[in-house]
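Everything below concerns the one structure shown next.
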Amino acid sequence: MTRRSVIVATGSALPPLRVTNAELAERGIDTTHEWIVERTGIHARHFAADGETTATLATEAARKALAEAGVAAEKIGLIVLATATPDQTFPASATRVQTALGINDCIAFDIAAVCTGFLYALSVADNMLKGQMADYALVIGAETFSRLLDWEDRTTCVLFGDGAGAILLKAEETEDRGVLATRLHADGRHNDLLYVDGGVSTTGTVGKLRMKGKEVFRHAVVNLADVLGETLTAAGHRPEEVDWVVPHQANKRILDATAKKLGLDPNRVIVTVDQHANTSAASVPLALDVAVRDGRIKPGDLIVLEAMGGGFTWGAAVVRY
Ligand code: UT7
């Protein structure tokens, strides 16, 4: 028996405001529903309204995961929140979630690895649980990317949405349930392909998202296929044993190309990009929650989570659900 981090519940939150491609065009963005669907697979996304923030969405997702598991908030020893869109420059939005959940003492911090943030957060939380820093952890990905978008730039503003997803991890002595392996990477030489053109220490402004989409796309397929293979090998499993792939949801064409490269059945890939667009660090736990709640992912399934984003950063996890 080994001490492992078992996913005992999931939760997610989407702002009520849902905006279709046609509605974006009606707002004056020089685009069409057909272009967006053909190039990305996106049909709609959700945008946070005034008063809705990364921390409020994260709190709602975390509350749902706790309720699903029937675990009291005071049992939580660790909150790791992956986000590139925190409520404030500091303190960490994780501490706002902590307070909203009524927890007065636990470890709480944010992780900034953009779209790979949830994989980084999961890996860090997994190792902290294994290292006996806590017995229960909330791992959350939450974003309000709508607040970073340049509405004059049609090449980026149609691609992103807001939302949050959370998982509740419990340290258990088990043979093979829970997180079996995680692998993380970063290569800062590609900073300028996907970044925000502002920051506290440079411009003193929040800035807007900038992306060279075609180049990101090219790197994404190669890096994701590599890290999926690497992580499966580390976990002692083969691609054909995978029940479900829960990928970062940037572009349906990336999901299809990555599955093909690894020889994975495309029907075994969870797709939510059509309804959520790219929610950065929130996309993997949001997709996971959707597939758990609709009954596709069941206890005992072998699942792989993967993501790639700004930095570049990329990573994957193999989990026995
Ligand atoms: O989450 C982090 C990871 N992010 C990603 O993985 C994103 C990766 N990249 C992508 O998903 C794709 O590269 C995009 C969806 C961003 C773009 O698709 P593409 O097939 O690479 O299109 P493109 O950038 O080559 O643009 C093709 C054409 C251009 O027109 P011309 O120059 O051929 O006349 C663009 O100006 O499409 C035009 N275009 C648009 N047209 C209508 C770009 N954006 C739009 C738009 N509506 N919103």
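Residues are referred to by chain and number: the chain letter is A, B, ... according to the order shown in the structure tokens, the number counts from 1 in that chain, and ligands are numbered separately from 1 in the order shown.
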* Asked: Neighbours of region 131-141 of chain A within 8 Å (only C-alpha atoms; same-chain residues fewer than 2 positions away dropped), as an MDAnalysis selection string?
  -> chainID A and resid 58 61:62 75:83 117:118 121:122 125 127:129 143 164:171 281:285
Keeping only N, CA, C and O atoms, take the residues you just selected and write them out as a compact mmCIF listing (two decimals), in the first residue's frame.
```
# COMPACT_ATOMS: atom_id res chain seq x y z
N ALA A 58 -14.14 30.31 -8.04
CA ALA A 58 -13.36 29.23 -7.41
C ALA A 58 -14.07 28.73 -6.16
O ALA A 58 -14.13 27.51 -5.91
N ALA A 61 -17.07 26.52 -7.10
CA ALA A 61 -16.63 25.20 -7.56
C ALA A 61 -16.17 24.35 -6.37
O ALA A 61 -16.51 23.16 -6.27
N ALA A 62 -15.42 24.96 -5.46
CA ALA A 62 -14.91 24.23 -4.28
C ALA A 62 -16.06 23.78 -3.39
O ALA A 62 -16.08 22.64 -2.89
N LYS A 75 -11.94 20.35 7.39
CA LYS A 75 -10.99 19.24 7.20
C LYS A 75 -9.88 19.59 6.20
O LYS A 75 -8.86 18.90 6.11
N ILE A 76 -10.11 20.66 5.41
CA ILE A 76 -9.15 21.00 4.34
C ILE A 76 -7.86 21.56 4.95
O ILE A 76 -7.87 22.51 5.73
N GLY A 77 -6.74 20.94 4.57
CA GLY A 77 -5.45 21.39 5.08
C GLY A 77 -4.66 22.17 4.04
O GLY A 77 -3.62 22.76 4.35
N LEU A 78 -5.13 22.14 2.79
CA LEU A 78 -4.35 22.74 1.70
C LEU A 78 -5.28 23.21 0.59
O LEU A 78 -6.15 22.44 0.16
N ILE A 79 -5.10 24.46 0.16
CA ILE A 79 -5.82 24.96 -1.03
C ILE A 79 -4.78 25.46 -2.02
O ILE A 79 -3.99 26.35 -1.69
N VAL A 80 -4.77 24.87 -3.21
CA VAL A 80 -3.89 25.35 -4.26
C VAL A 80 -4.78 25.84 -5.40
O VAL A 80 -5.58 25.07 -5.94
N LEU A 81 -4.66 27.11 -5.71
CA LEU A 81 -5.51 27.72 -6.74
C LEU A 81 -4.64 28.12 -7.94
O LEU A 81 -3.74 28.95 -7.83
N ALA A 82 -4.91 27.51 -9.07
CA ALA A 82 -4.20 27.85 -10.30
C ALA A 82 -4.96 28.97 -11.00
O ALA A 82 -6.14 28.80 -11.32
N THR A 83 -4.30 30.09 -11.23
CA THR A 83 -4.94 31.18 -11.95
C THR A 83 -3.90 32.14 -12.51
O THR A 83 -2.83 32.34 -11.91
N GLY A 117 -1.77 25.61 -15.49
CA GLY A 117 -1.83 25.86 -14.04
C GLY A 117 -2.44 24.73 -13.25
O GLY A 117 -1.93 24.36 -12.19
N PHE A 118 -3.53 24.14 -13.76
CA PHE A 118 -4.18 23.08 -12.98
C PHE A 118 -3.26 21.86 -12.84
O PHE A 118 -3.23 21.22 -11.80
N ALA A 121 -0.73 22.73 -10.25
CA ALA A 121 -1.36 22.73 -8.92
C ALA A 121 -1.59 21.30 -8.44
O ALA A 121 -1.34 20.97 -7.27
N LEU A 122 -2.06 20.45 -9.35
CA LEU A 122 -2.33 19.05 -8.99
C LEU A 122 -1.04 18.35 -8.57
O LEU A 122 -1.00 17.63 -7.57
N ALA A 125 0.11 19.74 -5.14
CA ALA A 125 -0.76 19.26 -4.06
C ALA A 125 -0.54 17.77 -3.81
O ALA A 125 -0.48 17.33 -2.66
N ASN A 127 2.15 16.02 -4.29
CA ASN A 127 3.41 15.78 -3.56
C ASN A 127 3.34 16.27 -2.12
O ASN A 127 3.95 15.68 -1.23
N MET A 128 2.57 17.33 -1.87
CA MET A 128 2.42 17.80 -0.49
C MET A 128 1.57 16.82 0.33
O MET A 128 1.85 16.60 1.51
N LEU A 129 0.56 16.23 -0.28
CA LEU A 129 -0.23 15.22 0.45
C LEU A 129 0.63 13.98 0.72
O LEU A 129 0.61 13.44 1.82
N GLU A 143 -10.53 31.16 -13.55
CA GLU A 143 -10.05 32.28 -14.38
C GLU A 143 -11.19 33.22 -14.76
O GLU A 143 -12.33 32.79 -14.95
N ALA A 164 -14.57 28.07 -13.50
CA ALA A 164 -13.74 27.46 -12.45
C ALA A 164 -14.06 25.98 -12.32
O ALA A 164 -15.20 25.57 -12.54
N GLY A 165 -13.06 25.21 -11.95
CA GLY A 165 -13.26 23.79 -11.66
C GLY A 165 -12.43 23.43 -10.43
O GLY A 165 -11.36 24.03 -10.21
N ALA A 166 -12.93 22.49 -9.64
CA ALA A 166 -12.21 22.12 -8.41
C ALA A 166 -12.25 20.61 -8.23
O ALA A 166 -13.21 19.95 -8.64
N ILE A 167 -11.20 20.08 -7.61
CA ILE A 167 -11.25 18.69 -7.17
C ILE A 167 -10.89 18.65 -5.69
O ILE A 167 -10.12 19.49 -5.20
N LEU A 168 -11.47 17.68 -4.99
CA LEU A 168 -11.11 17.43 -3.60
C LEU A 168 -10.23 16.19 -3.57
O LEU A 168 -10.65 15.12 -4.04
N LEU A 169 -9.00 16.36 -3.09
CA LEU A 169 -8.07 15.23 -2.98
C LEU A 169 -7.99 14.77 -1.54
O LEU A 169 -7.97 15.59 -0.62
N LYS A 170 -7.93 13.44 -1.36
CA LYS A 170 -7.78 12.88 -0.01
C LYS A 170 -6.59 11.93 -0.02
O LYS A 170 -6.46 11.11 -0.94
N ALA A 171 -5.72 12.06 0.97
CA ALA A 171 -4.59 11.13 1.06
C ALA A 171 -5.09 9.80 1.59
O ALA A 171 -5.74 9.76 2.64
N ALA A 281 -6.58 27.86 -16.91
CA ALA A 281 -6.37 26.88 -15.83
C ALA A 281 -7.65 26.19 -15.39
O ALA A 281 -7.61 25.14 -14.75
N ALA A 282 -8.80 26.76 -15.72
CA ALA A 282 -10.07 26.16 -15.29
C ALA A 282 -10.52 25.04 -16.22
O ALA A 282 -11.39 24.24 -15.86
N SER A 283 -9.93 24.95 -17.42
CA SER A 283 -10.56 24.09 -18.44
C SER A 283 -10.48 22.61 -18.12
O SER A 283 -11.45 21.89 -18.34
N VAL A 284 -9.36 22.14 -17.58
CA VAL A 284 -9.25 20.70 -17.28
C VAL A 284 -10.21 20.29 -16.15
O VAL A 284 -10.99 19.34 -16.31
N PRO A 285 -10.20 20.99 -14.99
CA PRO A 285 -11.15 20.56 -13.95
C PRO A 285 -12.61 20.78 -14.32
O PRO A 285 -13.48 20.04 -13.87
```
* **Contacts of His43 (chain A) within 8 Å, only C-alpha atoms, excl. fewer than 2 positions in-chain, as a list of chain:residue names** => A:Thr20, A:Asn21, A:His33, A:Ile36, A:Val37, A:Gly41, A:Arg45, A:Asp274, A:Gln275, A:Ala277
Those same residues - N, CA, C and O atoms - I'd like them written as an mmCIF file, in the first residue's frame.
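Wrote again16.cif, looks like this:
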```cif
data_model
loop_
_atom_site.group_PDB
_atom_site.id
_atom_site.type_symbol
_atom_site.label_atom_id
_atom_site.label_comp_id
_atom_site.auth_asym_id
_atom_site.auth_seq_id
_atom_site.Cartn_x
_atom_site.Cartn_y
_atom_site.Cartn_z
ATOM 1 N N THR A 20 -22.837 33.595 -27.291
ATOM 2 C CA THR A 20 -22.594 32.771 -28.474
ATOM 3 C C THR A 20 -21.675 33.516 -29.455
ATOM 4 O O THR A 20 -21.461 34.735 -29.332
ATOM 5 N N ASN A 21 -21.190 32.770 -30.458
ATOM 6 C CA ASN A 21 -20.359 33.394 -31.491
ATOM 7 C C ASN A 21 -21.129 34.505 -32.208
ATOM 8 O O ASN A 21 -20.583 35.582 -32.486
ATOM 9 N N HIS A 33 -19.723 33.237 -36.883
ATOM 10 C CA HIS A 33 -19.917 31.948 -36.197
ATOM 11 C C HIS A 33 -19.177 30.851 -36.973
ATOM 12 O O HIS A 33 -18.487 30.011 -36.384
ATOM 13 N N ILE A 36 -15.311 30.815 -36.453
ATOM 14 C CA ILE A 36 -14.907 30.364 -35.107
ATOM 15 C C ILE A 36 -15.111 28.851 -34.966
ATOM 16 O O ILE A 36 -14.233 28.137 -34.459
ATOM 17 N N VAL A 37 -16.236 28.346 -35.461
ATOM 18 C CA VAL A 37 -16.494 26.907 -35.331
ATOM 19 C C VAL A 37 -15.506 26.105 -36.166
ATOM 20 O O VAL A 37 -14.916 25.127 -35.702
ATOM 21 N N GLY A 41 -13.803 25.026 -33.084
ATOM 22 C CA GLY A 41 -14.839 24.176 -32.481
ATOM 23 C C GLY A 41 -15.668 24.895 -31.432
ATOM 24 O O GLY A 41 -16.591 24.313 -30.860
ATOM 25 N N ARG A 45 -19.236 30.773 -24.948
ATOM 26 C CA ARG A 45 -18.393 30.894 -23.764
ATOM 27 C C ARG A 45 -19.179 31.650 -22.708
ATOM 28 O O ARG A 45 -20.203 32.288 -23.011
ATOM 29 N N ASP A 274 -16.380 23.442 -27.020
ATOM 30 C CA ASP A 274 -17.519 23.958 -27.789
ATOM 31 C C ASP A 274 -18.414 24.860 -26.936
ATOM 32 O O ASP A 274 -18.926 25.866 -27.422
ATOM 33 N N GLN A 275 -18.564 24.544 -25.658
ATOM 34 C CA GLN A 275 -19.478 25.297 -24.789
ATOM 35 C C GLN A 275 -18.772 26.289 -23.861
ATOM 36 O O GLN A 275 -19.381 27.230 -23.371
ATOM 37 N N ALA A 277 -15.312 27.487 -24.436
ATOM 38 C CA ALA A 277 -14.118 28.073 -25.054
ATOM 39 C C ALA A 277 -12.899 27.754 -24.181
ATOM 40 O O ALA A 277 -12.923 26.788 -23.416
#
```
* Return as a PyMOL selection string the residues of protein, DNA or RNA that approach ligand 1 to within 6 Å, with only C-alpha atoms and all ligand atoms taken into account. => chain A and resi 31-32+35+39-40+115+154-155+158+213-214+216-217+220+250-251+280+308-309
Selection file, N, CA and C atoms, as a compact mmCIF listing (two decimals), in the first residue's frame:
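Output file again_34.txt is given in full below:
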```txt
# COMPACT_ATOMS: atom_id res chain seq x y z
N THR A 31 -16.02 39.08 -36.98
CA THR A 31 -15.88 37.63 -37.04
C THR A 31 -17.21 37.01 -37.43
N THR A 32 -17.20 35.69 -37.64
CA THR A 32 -18.45 34.99 -37.94
C THR A 32 -18.50 33.70 -37.12
N TRP A 35 -16.52 30.96 -38.98
CA TRP A 35 -15.05 30.98 -38.85
C TRP A 35 -14.65 30.38 -37.51
N ARG A 39 -12.43 26.90 -37.23
CA ARG A 39 -11.02 26.95 -36.80
C ARG A 39 -10.81 26.48 -35.38
N THR A 40 -11.87 26.48 -34.52
CA THR A 40 -11.65 26.19 -33.10
C THR A 40 -12.63 25.18 -32.50
N CYS A 115 -2.40 28.23 -18.75
CA CYS A 115 -3.29 27.11 -19.11
C CYS A 115 -2.85 25.78 -18.49
N ARG A 154 -9.50 40.41 -33.00
CA ARG A 154 -10.39 39.27 -33.26
C ARG A 154 -9.65 37.94 -33.24
N THR A 155 -8.32 38.00 -33.38
CA THR A 155 -7.57 36.73 -33.40
C THR A 155 -7.47 36.10 -32.01
N VAL A 158 -12.09 35.99 -29.40
CA VAL A 158 -13.19 35.03 -29.59
C VAL A 158 -12.86 33.67 -28.96
N GLY A 213 -1.12 32.63 -32.57
CA GLY A 213 -1.88 31.38 -32.47
C GLY A 213 -1.31 30.22 -33.26
N LYS A 214 -0.90 30.49 -34.50
CA LYS A 214 -0.43 29.41 -35.36
C LYS A 214 0.79 28.71 -34.76
N VAL A 216 1.72 28.73 -31.56
CA VAL A 216 1.33 28.03 -30.32
C VAL A 216 0.73 26.68 -30.69
N PHE A 217 -0.13 26.69 -31.69
CA PHE A 217 -0.80 25.47 -32.14
C PHE A 217 0.23 24.38 -32.47
N ALA A 220 1.90 23.06 -29.44
CA ALA A 220 0.96 22.38 -28.54
C ALA A 220 0.83 20.90 -28.89
N ALA A 250 -8.37 24.22 -25.64
CA ALA A 250 -8.01 25.44 -26.36
C ALA A 250 -8.64 25.45 -27.74
N ASN A 251 -8.63 24.30 -28.39
CA ASN A 251 -9.04 24.24 -29.79
C ASN A 251 -9.35 22.79 -30.12
N SER A 280 -8.44 28.59 -19.79
CA SER A 280 -7.10 28.54 -19.22
C SER A 280 -7.04 27.49 -18.09
N MET A 308 -1.33 22.66 -21.97
CA MET A 308 -0.17 23.39 -22.49
C MET A 308 -0.57 24.86 -22.58
N GLY A 309 0.35 25.76 -22.25
CA GLY A 309 -0.01 27.16 -22.32
C GLY A 309 1.18 28.09 -22.22
```
* Asked: Could you pull the residues within 8 Å of region 47-51 of chain A, counting only C-alpha atoms, minus those fewer than 2 positions along the same chain, as a PyMOL selection string?
  -> chain A and resi 15-19+45+53+144+146+161-163
* DSSP helix (DSSP H, G or I) residues within region 187-293 of chain A, listed as a count of residues only -> 64
